[in-house]
$ cat entry38.csv   # CSV, C-alpha atoms and all ligand atoms
chain,number,residue,atom,x,y,z
C,1,MET,CA,0.0,0.0,0.0
C,2,THR,CA,1.3,3.4,-0.9
C,3,ASP,CA,1.9,6.1,1.8
C,4,ASP,CA,-0.8,8.1,0.2
C,5,LEU,CA,-3.4,5.4,0.4
C,6,ALA,CA,-2.5,4.7,4.0
C,7,ALA,CA,-2.9,8.4,4.9
C,8,GLU,CA,-6.2,8.5,3.0
C,9,ARG,CA,-7.5,5.5,5.0
C,10,ARG,CA,-6.4,7.1,8.3
C,11,GLN,CA,-8.2,10.3,7.5
C,12,LEU,CA,-11.4,8.5,6.4
C,13,ARG,CA,-11.3,6.4,9.5
C,14,THR,CA,-11.3,9.5,11.7
C,15,VAL,CA,-14.2,11.0,9.8
C,16,LEU,CA,-16.3,7.8,9.9
C,17,ARG,CA,-15.6,7.0,13.6
C,18,ASP,CA,-16.6,10.6,14.5
C,19,ARG,CA,-19.8,10.1,12.5
C,20,ARG,CA,-20.6,6.8,14.2
C,21,ARG,CA,-20.0,8.2,17.7
C,22,ALA,CA,-22.2,11.3,17.0
C,23,LEU,CA,-25.4,9.3,16.5
C,24,PRO,CA,-27.9,10.1,19.3
C,25,PRO,CA,-28.9,7.3,21.8
C,26,ALA,CA,-32.5,7.0,20.5
C,27,ILE,CA,-31.2,6.2,17.0
C,28,ARG,CA,-28.7,3.7,18.3
C,29,ILE,CA,-31.4,1.8,20.4
C,30,ALA,CA,-33.7,1.5,17.4
C,31,ALA,CA,-30.8,0.6,15.1
C,32,ALA,CA,-29.7,-2.3,17.3
C,33,GLU,CA,-33.2,-3.8,17.1
C,34,GLN,CA,-33.4,-3.3,13.3
C,35,LEU,CA,-30.0,-4.8,12.9
C,36,ALA,CA,-30.9,-7.9,14.9
C,37,ALA,CA,-33.9,-8.5,12.6
C,38,ARG,CA,-31.7,-8.2,9.5
C,39,LEU,CA,-29.0,-10.5,10.8
C,40,LEU,CA,-31.6,-13.1,11.7
C,41,MET,CA,-33.1,-12.9,8.1
C,42,LEU,CA,-29.8,-13.3,6.3
C,43,PRO,CA,-30.1,-16.0,3.6
C,44,PHE,CA,-27.2,-17.9,5.2
C,45,ALA,CA,-28.2,-17.2,8.8
C,46,PRO,CA,-27.0,-20.3,10.7
C,47,VAL,CA,-29.5,-22.2,12.8
C,48,GLN,CA,-26.8,-23.9,14.7
C,49,GLY,CA,-23.1,-23.6,15.5
C,50,TYR,CA,-20.8,-21.0,16.7
C,51,VAL,CA,-21.5,-17.4,15.7
C,52,ALA,CA,-19.1,-14.5,16.5
C,53,GLY,CA,-20.2,-11.0,17.5
C,54,TYR,CA,-18.3,-8.3,19.3
C,55,TRP,CA,-18.5,-6.1,22.4
C,56,ALA,CA,-19.6,-2.8,21.0
C,57,MET,CA,-17.4,0.2,21.7
C,58,ASP,CA,-16.5,3.6,20.2
C,59,GLY,CA,-20.0,4.1,18.9
C,60,GLU,CA,-20.3,0.7,17.1
C,61,ILE,CA,-23.7,-0.6,16.4
C,62,ALA,CA,-24.7,-3.0,19.3
C,63,LEU,CA,-25.4,-6.7,19.0
C,64,HIS,CA,-27.2,-7.5,22.3
C,65,ALA,CA,-30.6,-7.7,20.6
C,66,TRP,CA,-29.2,-10.2,18.0
C,67,GLN,CA,-27.5,-12.2,20.7
C,68,LEU,CA,-30.8,-12.5,22.7
C,69,LYS,CA,-32.8,-13.6,19.6
C,70,LEU,CA,-30.4,-16.2,18.2
C,71,PRO,CA,-31.9,-19.6,17.5
C,72,PRO,CA,-31.3,-22.0,20.4
C,73,GLY,CA,-28.7,-24.0,18.4
C,74,CYS,CA,-26.4,-21.0,17.9
C,75,VAL,CA,-23.7,-20.3,20.4
C,76,TYR,CA,-22.7,-16.6,20.7
C,77,CYS,CA,-19.0,-15.9,20.9
C,78,LEU,CA,-16.8,-12.9,21.5
C,79,PRO,CA,-13.3,-12.3,19.9
C,80,VAL,CA,-10.2,-12.8,22.0
C,81,LEU,CA,-6.8,-11.3,21.0
C,82,GLY,CA,-4.2,-13.9,20.4
C,83,ASP,CA,-0.4,-13.5,20.9
C,84,ASP,CA,0.0,-14.3,17.2
C,85,GLU,CA,-2.0,-11.2,16.3
C,86,CYS,CA,-5.0,-13.2,15.2
C,87,LEU,CA,-8.4,-13.4,16.8
C,88,ARG,CA,-9.8,-16.5,18.5
C,89,PHE,CA,-13.3,-16.8,19.8
C,90,ALA,CA,-15.0,-17.8,23.1
C,91,PRO,CA,-18.6,-18.6,23.9
C,92,TRP,CA,-20.0,-15.9,26.1
C,93,ARG,CA,-23.3,-15.5,27.9
C,94,PRO,CA,-24.3,-12.6,30.1
C,95,GLY,CA,-22.8,-13.2,33.6
C,96,ASP,CA,-19.7,-15.1,32.3
C,97,PRO,CA,-16.4,-13.6,33.5
C,98,LEU,CA,-14.7,-11.0,31.3
C,99,VAL,CA,-11.3,-9.4,31.4
C,100,SER,CA,-10.1,-6.2,29.6
C,101,ASN,CA,-7.8,-6.7,26.6
C,102,ARG,CA,-4.9,-4.4,25.5
C,103,PHE,CA,-7.4,-2.1,23.8
C,104,GLY,CA,-9.7,-1.9,26.8
C,105,ILE,CA,-12.3,-4.1,25.2
C,106,PRO,CA,-13.9,-6.8,27.5
C,107,GLU,CA,-13.2,-10.4,26.4
C,108,PRO,CA,-14.1,-13.8,27.9
C,109,ASP,CA,-11.6,-15.0,30.5
C,110,LEU,CA,-10.7,-18.4,29.1
C,111,ALA,CA,-7.5,-20.5,28.9
C,112,PRO,CA,-6.0,-20.2,25.4
C,113,ALA,CA,-6.5,-24.0,24.9
C,114,SER,CA,-10.3,-23.6,25.2
C,115,LEU,CA,-10.6,-20.9,22.5
C,116,LEU,CA,-12.1,-21.6,19.1
C,117,GLU,CA,-10.3,-21.0,15.9
C,118,ALA,CA,-11.9,-18.7,13.3
C,119,SER,CA,-12.4,-21.7,11.0
C,120,GLN,CA,-14.8,-23.3,13.5
C,121,LEU,CA,-17.3,-20.5,13.2
C,122,ALA,CA,-20.5,-20.7,11.1
C,123,MET,CA,-20.6,-17.0,10.8
C,124,ALA,CA,-18.7,-13.9,12.1
C,125,VAL,CA,-20.3,-10.5,12.5
C,126,MET,CA,-17.6,-7.8,12.5
C,127,PRO,CA,-17.9,-4.1,13.4
C,128,LEU,CA,-17.2,-1.8,10.4
C,129,VAL,CA,-15.8,1.7,10.4
C,130,GLY,CA,-16.7,2.1,6.7
C,131,PHE,CA,-18.0,-0.1,3.9
C,132,ASP,CA,-18.9,0.0,0.2
C,133,ARG,CA,-21.5,-1.8,-1.8
C,134,CYS,CA,-19.1,-4.7,-2.6
C,135,GLY,CA,-18.3,-5.5,1.0
C,136,GLN,CA,-14.9,-3.8,1.0
C,137,ARG,CA,-14.4,-2.6,4.6
C,138,LEU,CA,-12.5,-0.2,6.7
C,139,GLY,CA,-11.8,-1.4,10.2
C,140,MET,CA,-9.9,0.0,13.1
C,141,GLY,CA,-6.7,-0.4,11.2
C,142,GLY,CA,-5.1,-3.1,13.2
C,143,GLY,CA,-5.6,-5.8,10.5
C,144,TRP,CA,-7.1,-8.2,13.1
C,145,TYR,CA,-10.0,-9.3,11.1
C,146,ASP,CA,-8.0,-9.4,7.8
C,147,ARG,CA,-5.3,-11.6,9.4
C,148,THR,CA,-7.9,-13.8,11.2
C,149,PHE,CA,-10.0,-14.5,8.1
C,150,ALA,CA,-7.2,-14.4,5.5
C,151,PHE,CA,-8.0,-18.1,4.8
C,152,ARG,CA,-11.3,-16.9,3.1
C,153,HIS,CA,-9.1,-15.6,0.2
C,154,ARG,CA,-8.6,-19.3,-0.6
C,155,ALA,CA,-11.6,-21.0,0.8
C,156,PRO,CA,-15.4,-20.5,0.5
C,157,ALA,CA,-17.8,-19.8,3.4
C,158,PRO,CA,-18.4,-21.0,6.2
C,159,PRO,CA,-17.6,-19.0,8.1
C,160,PHE,CA,-19.8,-16.4,6.5
C,161,LEU,CA,-18.5,-12.9,7.1
C,162,VAL,CA,-21.0,-10.1,7.8
C,163,GLY,CA,-20.2,-6.5,8.5
C,164,ALA,CA,-22.4,-4.5,10.9
C,165,ALA,CA,-22.7,-0.8,10.6
C,166,PHE,CA,-24.9,2.3,10.6
C,167,ASP,CA,-26.1,3.7,7.3
C,168,VAL,CA,-23.9,6.8,7.8
C,169,GLN,CA,-20.8,4.6,7.5
C,170,HIS,CA,-21.5,3.8,3.8
C,171,VAL,CA,-18.9,5.3,1.4
C,172,GLU,CA,-18.9,5.2,-2.4
C,173,ALA,CA,-15.9,3.0,-3.0
C,174,LEU,CA,-13.0,1.8,-0.9
C,175,ASP,CA,-9.6,1.1,-2.4
C,176,GLN,CA,-8.6,-2.5,-1.9
C,177,ALA,CA,-5.2,-3.7,-0.5
C,178,ALA,CA,-4.0,-7.2,-1.3
C,179,TRP,CA,-4.7,-8.4,2.3
C,180,ASP,CA,-8.2,-6.9,2.6
C,181,VAL,CA,-10.8,-9.6,3.2
C,182,ALA,CA,-14.2,-8.5,2.0
C,183,VAL,CA,-17.4,-9.5,3.8
C,184,ASP,CA,-20.2,-11.6,2.2
C,185,ALA,CA,-22.8,-9.2,3.3
C,186,VAL,CA,-23.3,-5.9,5.2
C,187,CYS,CA,-26.3,-5.2,7.5
C,188,THR,CA,-27.2,-1.8,8.7
C,189,GLU,CA,-30.3,-0.5,10.4
C,190,SER,CA,-32.1,0.0,7.1
C,191,SER,CA,-30.5,-2.4,4.6
C,192,PHE,CA,-29.0,-5.7,3.8
C,193,ILE,CA,-26.3,-5.7,1.1
C,194,ASP,CA,-25.5,-9.1,-0.5
C,195,CYS,CA,-21.8,-8.8,-1.6
C,196,ARG,CA,-21.3,-12.3,-2.8
C,197,ASN,CA,-21.7,-11.6,-6.5
C,198,CYS,CA,-19.5,-8.5,-6.6
C,199,PRO,CA,-16.5,-8.7,-9.0
J,1,LIG,N1,-15.8,-4.0,19.5
J,1,LIG,C1,-14.7,-4.4,18.9
J,1,LIG,N2,-14.0,-5.4,19.2
J,1,LIG,C2,-12.9,-5.8,18.5
J,1,LIG,C3,-12.5,-5.0,17.4
J,1,LIG,C4,-13.3,-3.9,17.0
J,1,LIG,O1,-13.0,-3.2,16.1
J,1,LIG,N3,-14.4,-3.6,17.8
J,1,LIG,N4,-11.4,-5.4,16.7
J,1,LIG,C5,-11.1,-5.0,15.4
J,1,LIG,O2,-10.0,-5.2,14.9
J,1,LIG,C6,-10.4,-6.3,17.4
J,1,LIG,C7,-9.6,-5.4,18.3
J,1,LIG,N5,-8.8,-4.6,17.5
J,1,LIG,C8,-8.6,-3.2,17.7
J,1,LIG,C9,-7.7,-2.6,16.9
J,1,LIG,C10,-7.4,-1.3,17.1
J,1,LIG,C11,-8.0,-0.6,18.1
J,1,LIG,C12,-7.6,0.8,18.2
J,1,LIG,O3,-6.9,1.4,17.5
J,1,LIG,N6,-8.0,1.4,19.4
J,1,LIG,C13,-7.7,2.7,19.8
J,1,LIG,C14,-6.3,2.9,20.2
J,1,LIG,C15,-6.3,2.5,21.7
J,1,LIG,C16,-5.0,1.8,22.1
J,1,LIG,O4,-4.1,1.5,21.4
J,1,LIG,O5,-5.0,1.5,23.3
J,1,LIG,C17,-8.4,3.8,19.2
J,1,LIG,O6,-9.6,3.9,19.6
J,1,LIG,O7,-7.9,4.7,18.5
J,1,LIG,C18,-9.0,-1.2,18.8
J,1,LIG,C19,-9.2,-2.5,18.6
J,1,LIG,C20,-11.2,-7.3,18.2
J,1,LIG,N7,-12.2,-6.8,18.9
J,2,LIG,N1,-2.9,-11.5,6.1
J,2,LIG,C1,-2.1,-10.5,6.7
J,2,LIG,N2,-0.9,-10.8,7.0
J,2,LIG,C2,-0.1,-9.9,7.6
J,2,LIG,N3,-0.4,-8.7,7.8
J,2,LIG,C3,-1.7,-8.3,7.5
J,2,LIG,C4,-2.6,-9.2,6.9
J,2,LIG,N4,-3.7,-8.6,6.8
J,2,LIG,C5,-3.5,-7.3,7.2
J,2,LIG,N5,-2.3,-7.1,7.7
J,2,LIG,C6,-1.7,-5.9,8.2
J,2,LIG,O1,-2.6,-5.2,9.0
J,2,LIG,C7,-2.8,-3.8,8.6
J,2,LIG,C8,-4.3,-3.7,8.3
J,2,LIG,O2,-4.5,-2.5,7.8
J,2,LIG,P1,-6.0,-2.1,7.2
J,2,LIG,O3,-5.9,-0.6,7.0
J,2,LIG,O4,-6.4,-3.0,6.1
J,2,LIG,O5,-6.9,-2.4,8.5
J,2,LIG,P2,-8.4,-2.7,8.7
J,2,LIG,O6,-9.0,-3.5,7.5
J,2,LIG,O7,-9.0,-1.4,9.0
J,2,LIG,O8,-8.3,-3.6,10.0
J,2,LIG,P3,-9.2,-4.9,10.5
J,2,LIG,O9,-9.0,-6.0,9.6
J,2,LIG,O10,-8.7,-5.1,11.8
J,2,LIG,O11,-10.6,-4.4,10.4
J,2,LIG,C9,-1.9,-3.6,7.5
J,2,LIG,O12,-0.9,-2.7,7.9
J,2,LIG,C10,-1.4,-4.9,7.0
J,2,LIG,O13,0.0,-4.9,6.9
$ encode --input "entry38.csv" --output "structure tokens"
Amino acid sequence: MTDDLAAERRQLRTVLRDRRRALPPAIRIAAAEQLAARLLMLPFAPVQGYVAGYWAMDGEIALHAWQLKLPPGCVYCLPVLGDDECLRFAPWRPGDPLVSNRFGIPEPDLAPASLLEASQLAMAVMPLVGFDRCGQRLGMGGGWYDRTFAFRHRAPAPPFLVGAAFDVQHVEALDQAAWDVAVDAVCTESSFIDCRNCP
């Protein structure tokens, strides 16, 4: 990636994170409910297996409503930062113990050996900073999701990858770096974008 492109991404990230944080509470509450309905209606919504969400922070759209309405066969998981800079996943229900990770985000307190690999998931919902209509995404810039799901460059779903965002995070087109892993779909409070047939 050129220095120019990296600088452009950083700038766009700042703008979009500010936009996401600026949304008023009433909008966020309604949006989380609408998002849950859309995630449950996905054409590939799993009825069983491990599904990954995230602990919303920094104005991210929340997943609690989705977690509560998941089919009984689905096990909700949260991401856990690995020493190898990849994410692993741990089942988590309200009340289960949490610890704060290096970014100050709560994660389940589990022995590394008990964690799930990304390839064991049926579906992963990831928080977006920005997205375009083809599922290209801008994340927090750490490359965590790109590294974790790099195997999706070579292998089909599952796990299905779904981006969650507010409408205001939609941008016209995002430049693609070689390592960027696109999502199969994006869900916002008002729309579902199927990205599986994009070029
Ligand atoms: N809710 C949530 N969980 C998540 C992510 C996320 O984006 N959202 N991640 C997605 O990758 C992973 C964690 N990755 C992250 C990467 C960078 C920053 C970050 O830059 N945070 C600060 C800097 C704080 C610091 O370094 O202490 C920032 O807000 O600028 C945060 C998380 C896994 N869990
Ligand atoms: N498969 C990979 N192997 C090694 N490094 C990677 C890989 N994928 C991404 N990275 C590194 O991580 C950084 C990710 O930058 P990028 O701007 O794409 O982040 P992002 O897409 O916003 O992050 P995330 O994937 O966490 O949402 C890059 O500097 C890149 O070098």
$ closest_residue --input "entry38.csv" --among "C:Ala56, C:Ser114, C:Val51, C:Arg10" --to "Gly139 (chain C)" --atoms "all atoms listed in the file"
C:Arg10
$ closest_residue --input "entry38.csv" --among "C:Asp58, C:Glu107, C:Asp194, C:Asp96" --to "Gln136 (chain C)" --atoms "only C-alpha atoms"
C:Asp194
$ closest_residue --input "entry38.csv" --among "C:Ala173, C:Ile193, C:Leu116, C:Leu78" --to "ligand LIG 1 (chain J)" --atoms "only C-alpha atoms and all ligand atoms"
C:Leu78
$ atom_distance --input "entry38.csv" --atom1 "CA of Leu138 (chain C)" --atom2 "atom O2 of ligand LIG 2 (chain J)"
8.4 Å
$ closest_atom_pairs --input "entry38.csv" --of "chain C" --to "ligand LIG 2 (chain J)" --cutoff "8 Å" --atoms "all atoms listed in the file" --output "CSV"
residue,atom,partner,partner_atom,distance
C:Ala6,CA,J:LIG2,O3,7.0
C:Arg9,CA,J:LIG2,O3,6.6
C:Arg10,CA,J:LIG2,O3,7.8
C:Pro127,CA,J:LIG2,O11,7.9
C:Leu128,CA,J:LIG2,O11,7.1
C:Val129,CA,J:LIG2,O7,7.6
C:Arg137,CA,J:LIG2,O6,6.2
C:Leu138,CA,J:LIG2,O7,4.4
C:Gly139,CA,J:LIG2,O7,3.0
C:Met140,CA,J:LIG2,O7,4.4
C:Gly141,CA,J:LIG2,O7,3.3
C:Gly142,CA,J:LIG2,O10,4.3
C:Gly143,CA,J:LIG2,C8,3.3
C:Trp144,CA,J:LIG2,O10,3.7
C:Tyr145,CA,J:LIG2,O9,3.8
C:Asp146,CA,J:LIG2,O9,4.0
C:Arg147,CA,J:LIG2,N1,4.1
C:Thr148,CA,J:LIG2,N1,7.5
C:Phe149,CA,J:LIG2,N1,8.0
C:Ala150,CA,J:LIG2,N1,5.2
C:Ala177,CA,J:LIG2,O4,6.7
C:Trp179,CA,J:LIG2,N4,4.6
C:Asp180,CA,J:LIG2,O4,5.5
C:Val181,CA,J:LIG2,O9,7.6
$ residues_around --input "entry38.csv" --residues "Cys77 (chain C)" --least-positions-apart "5" --cutoff "9 Å" --atoms "all atoms listed in the file" --output "list in words"
Tyr50, Val51, Ala52, Gly53, Tyr54, Phe89, Ala90, Pro91, Trp92, Arg93 and Pro108 of chain C
$ residues_around --input "entry38.csv" --residues "region 61-64 of chain C" --least-positions-apart "2" --cutoff "8 Å" --atoms "all atoms listed in the file" --output "list in words"
Arg28, Ala31, Ala32, Leu35, Ala36, Gly53, Tyr54, Trp55, Ala56, Gly59, Trp66, Gln67, Leu68, Pro127, Ala164, Ala165 and Phe166 of chain C
$ closest_residue --input "entry38.csv" --among "C:Arg17, C:Lys69, C:Arg38, C:Arg133" --to "ligand LIG 1 (chain J)" --atoms "all atoms listed in the file"
C:Arg17
$ atom_distance --input "entry38.csv" --atom1 "CA of Met1 (chain C)" --atom2 "CA of Gly82 (chain C)"
25.0 Å
$ atom_distance --input "entry38.csv" --atom1 "CA of Pro46 (chain C)" --atom2 "CA of Ala65 (chain C)"
16.4 Å
$ closest_residue --input "entry38.csv" --among "C:Ala113, C:Ala124, C:Leu39, C:Leu70" --to "ligand LIG 1 (chain J)" --atoms "only C-alpha atoms and all ligand atoms"
C:Ala124
$ closest_residue --input "entry38.csv" --among "C:Gln169, C:Pro94, C:Gly130, C:Leu121" --to "Cys74 (chain C)" --atoms "all atoms listed in the file"
C:Leu121
$ residues_around --input "entry38.csv" --residues "Ala157 (chain C)" --least-positions-apart "2" --cutoff "10 Å" --atoms "all atoms listed in the file" --output "list in words"
Phe44, Ser119, Leu121, Ala122, Met123, Arg152, Ala155, Pro159, Phe160, Leu161 and Asp184 of chain C
$ build_atoms --input "entry38.csv" --residues "region 153-181 of chain C" --atoms "N, CA and C atoms" --output "CSV table (one decimal), keeping the file's coordinate frame"
chain,number,residue,atom,x,y,z
C,153,HIS,N,-9.6,-15.9,1.5
C,153,HIS,CA,-9.1,-15.6,0.2
C,153,HIS,C,-9.0,-16.9,-0.6
C,154,ARG,N,-8.8,-18.0,0.0
C,154,ARG,CA,-8.6,-19.3,-0.6
C,154,ARG,C,-9.7,-20.3,-0.5
C,155,ALA,N,-10.6,-20.1,0.5
C,155,ALA,CA,-11.6,-21.0,0.8
C,155,ALA,C,-13.0,-20.3,0.9
C,156,PRO,N,-14.1,-21.1,0.4
C,156,PRO,CA,-15.4,-20.5,0.5
C,156,PRO,C,-15.9,-20.5,2.0
C,157,ALA,N,-17.1,-19.8,2.2
C,157,ALA,CA,-17.8,-19.8,3.4
C,157,ALA,C,-18.2,-21.3,3.7
C,158,PRO,N,-18.5,-21.7,4.9
C,158,PRO,CA,-18.4,-21.0,6.2
C,158,PRO,C,-16.9,-20.8,6.6
C,159,PRO,N,-16.6,-19.9,7.5
C,159,PRO,CA,-17.6,-19.0,8.1
C,159,PRO,C,-18.0,-17.9,7.1
C,160,PHE,N,-19.3,-17.6,7.2
C,160,PHE,CA,-19.8,-16.4,6.5
C,160,PHE,C,-19.4,-15.1,7.2
C,161,LEU,N,-19.0,-14.1,6.5
C,161,LEU,CA,-18.5,-12.9,7.1
C,161,LEU,C,-19.5,-11.8,6.9
C,162,VAL,N,-20.0,-11.2,7.9
C,162,VAL,CA,-21.0,-10.1,7.8
C,162,VAL,C,-20.5,-8.9,8.5
C,163,GLY,N,-20.6,-7.8,7.8
C,163,GLY,CA,-20.2,-6.5,8.5
C,163,GLY,C,-21.5,-5.8,9.1
C,164,ALA,N,-21.3,-5.2,10.2
C,164,ALA,CA,-22.4,-4.5,10.9
C,164,ALA,C,-22.0,-3.1,11.0
C,165,ALA,N,-23.0,-2.2,10.6
C,165,ALA,CA,-22.7,-0.8,10.6
C,165,ALA,C,-23.9,0.1,10.6
C,166,PHE,N,-23.8,1.3,10.9
C,166,PHE,CA,-24.9,2.3,10.6
C,166,PHE,C,-24.8,2.7,9.2
C,167,ASP,N,-26.0,3.2,8.7
C,167,ASP,CA,-26.1,3.7,7.3
C,167,ASP,C,-25.0,4.8,7.0
C,168,VAL,N,-24.8,5.6,8.0
C,168,VAL,CA,-23.9,6.8,7.8
C,168,VAL,C,-22.4,6.3,7.6
C,169,GLN,N,-22.1,5.0,7.7
C,169,GLN,CA,-20.8,4.6,7.5
C,169,GLN,C,-20.5,4.1,6.0
C,170,HIS,N,-21.6,4.2,5.2
C,170,HIS,CA,-21.5,3.8,3.8
C,170,HIS,C,-20.7,4.8,3.1
C,171,VAL,N,-19.7,4.4,2.3
C,171,VAL,CA,-18.9,5.3,1.4
C,171,VAL,C,-19.0,4.7,0.0
C,172,GLU,N,-18.7,5.6,-1.0
C,172,GLU,CA,-18.9,5.2,-2.4
C,172,GLU,C,-18.1,4.0,-2.8
C,173,ALA,N,-16.8,4.1,-2.6
C,173,ALA,CA,-15.9,3.0,-3.0
C,173,ALA,C,-14.6,3.0,-2.2
C,174,LEU,N,-14.2,1.9,-1.6
C,174,LEU,CA,-13.0,1.8,-0.9
C,174,LEU,C,-11.9,1.1,-1.7
C,175,ASP,N,-10.7,1.7,-1.7
C,175,ASP,CA,-9.6,1.1,-2.4
C,175,ASP,C,-9.3,-0.2,-1.7
C,176,GLN,N,-8.8,-1.2,-2.5
C,176,GLN,CA,-8.6,-2.5,-1.9
C,176,GLN,C,-7.1,-2.8,-1.8
C,177,ALA,N,-6.6,-3.2,-0.6
C,177,ALA,CA,-5.2,-3.7,-0.5
C,177,ALA,C,-5.2,-5.2,-0.7
C,178,ALA,N,-4.1,-5.7,-1.0
C,178,ALA,CA,-4.0,-7.2,-1.3
C,178,ALA,C,-4.5,-8.0,-0.1
C,179,TRP,N,-4.3,-7.6,1.1
C,179,TRP,CA,-4.7,-8.4,2.3
C,179,TRP,C,-6.1,-8.2,2.7
C,180,ASP,N,-6.8,-7.2,2.2
C,180,ASP,CA,-8.2,-6.9,2.6
C,180,ASP,C,-9.1,-8.1,2.4
C,181,VAL,N,-9.8,-8.5,3.4
C,181,VAL,CA,-10.8,-9.6,3.2
C,181,VAL,C,-12.2,-8.9,3.2
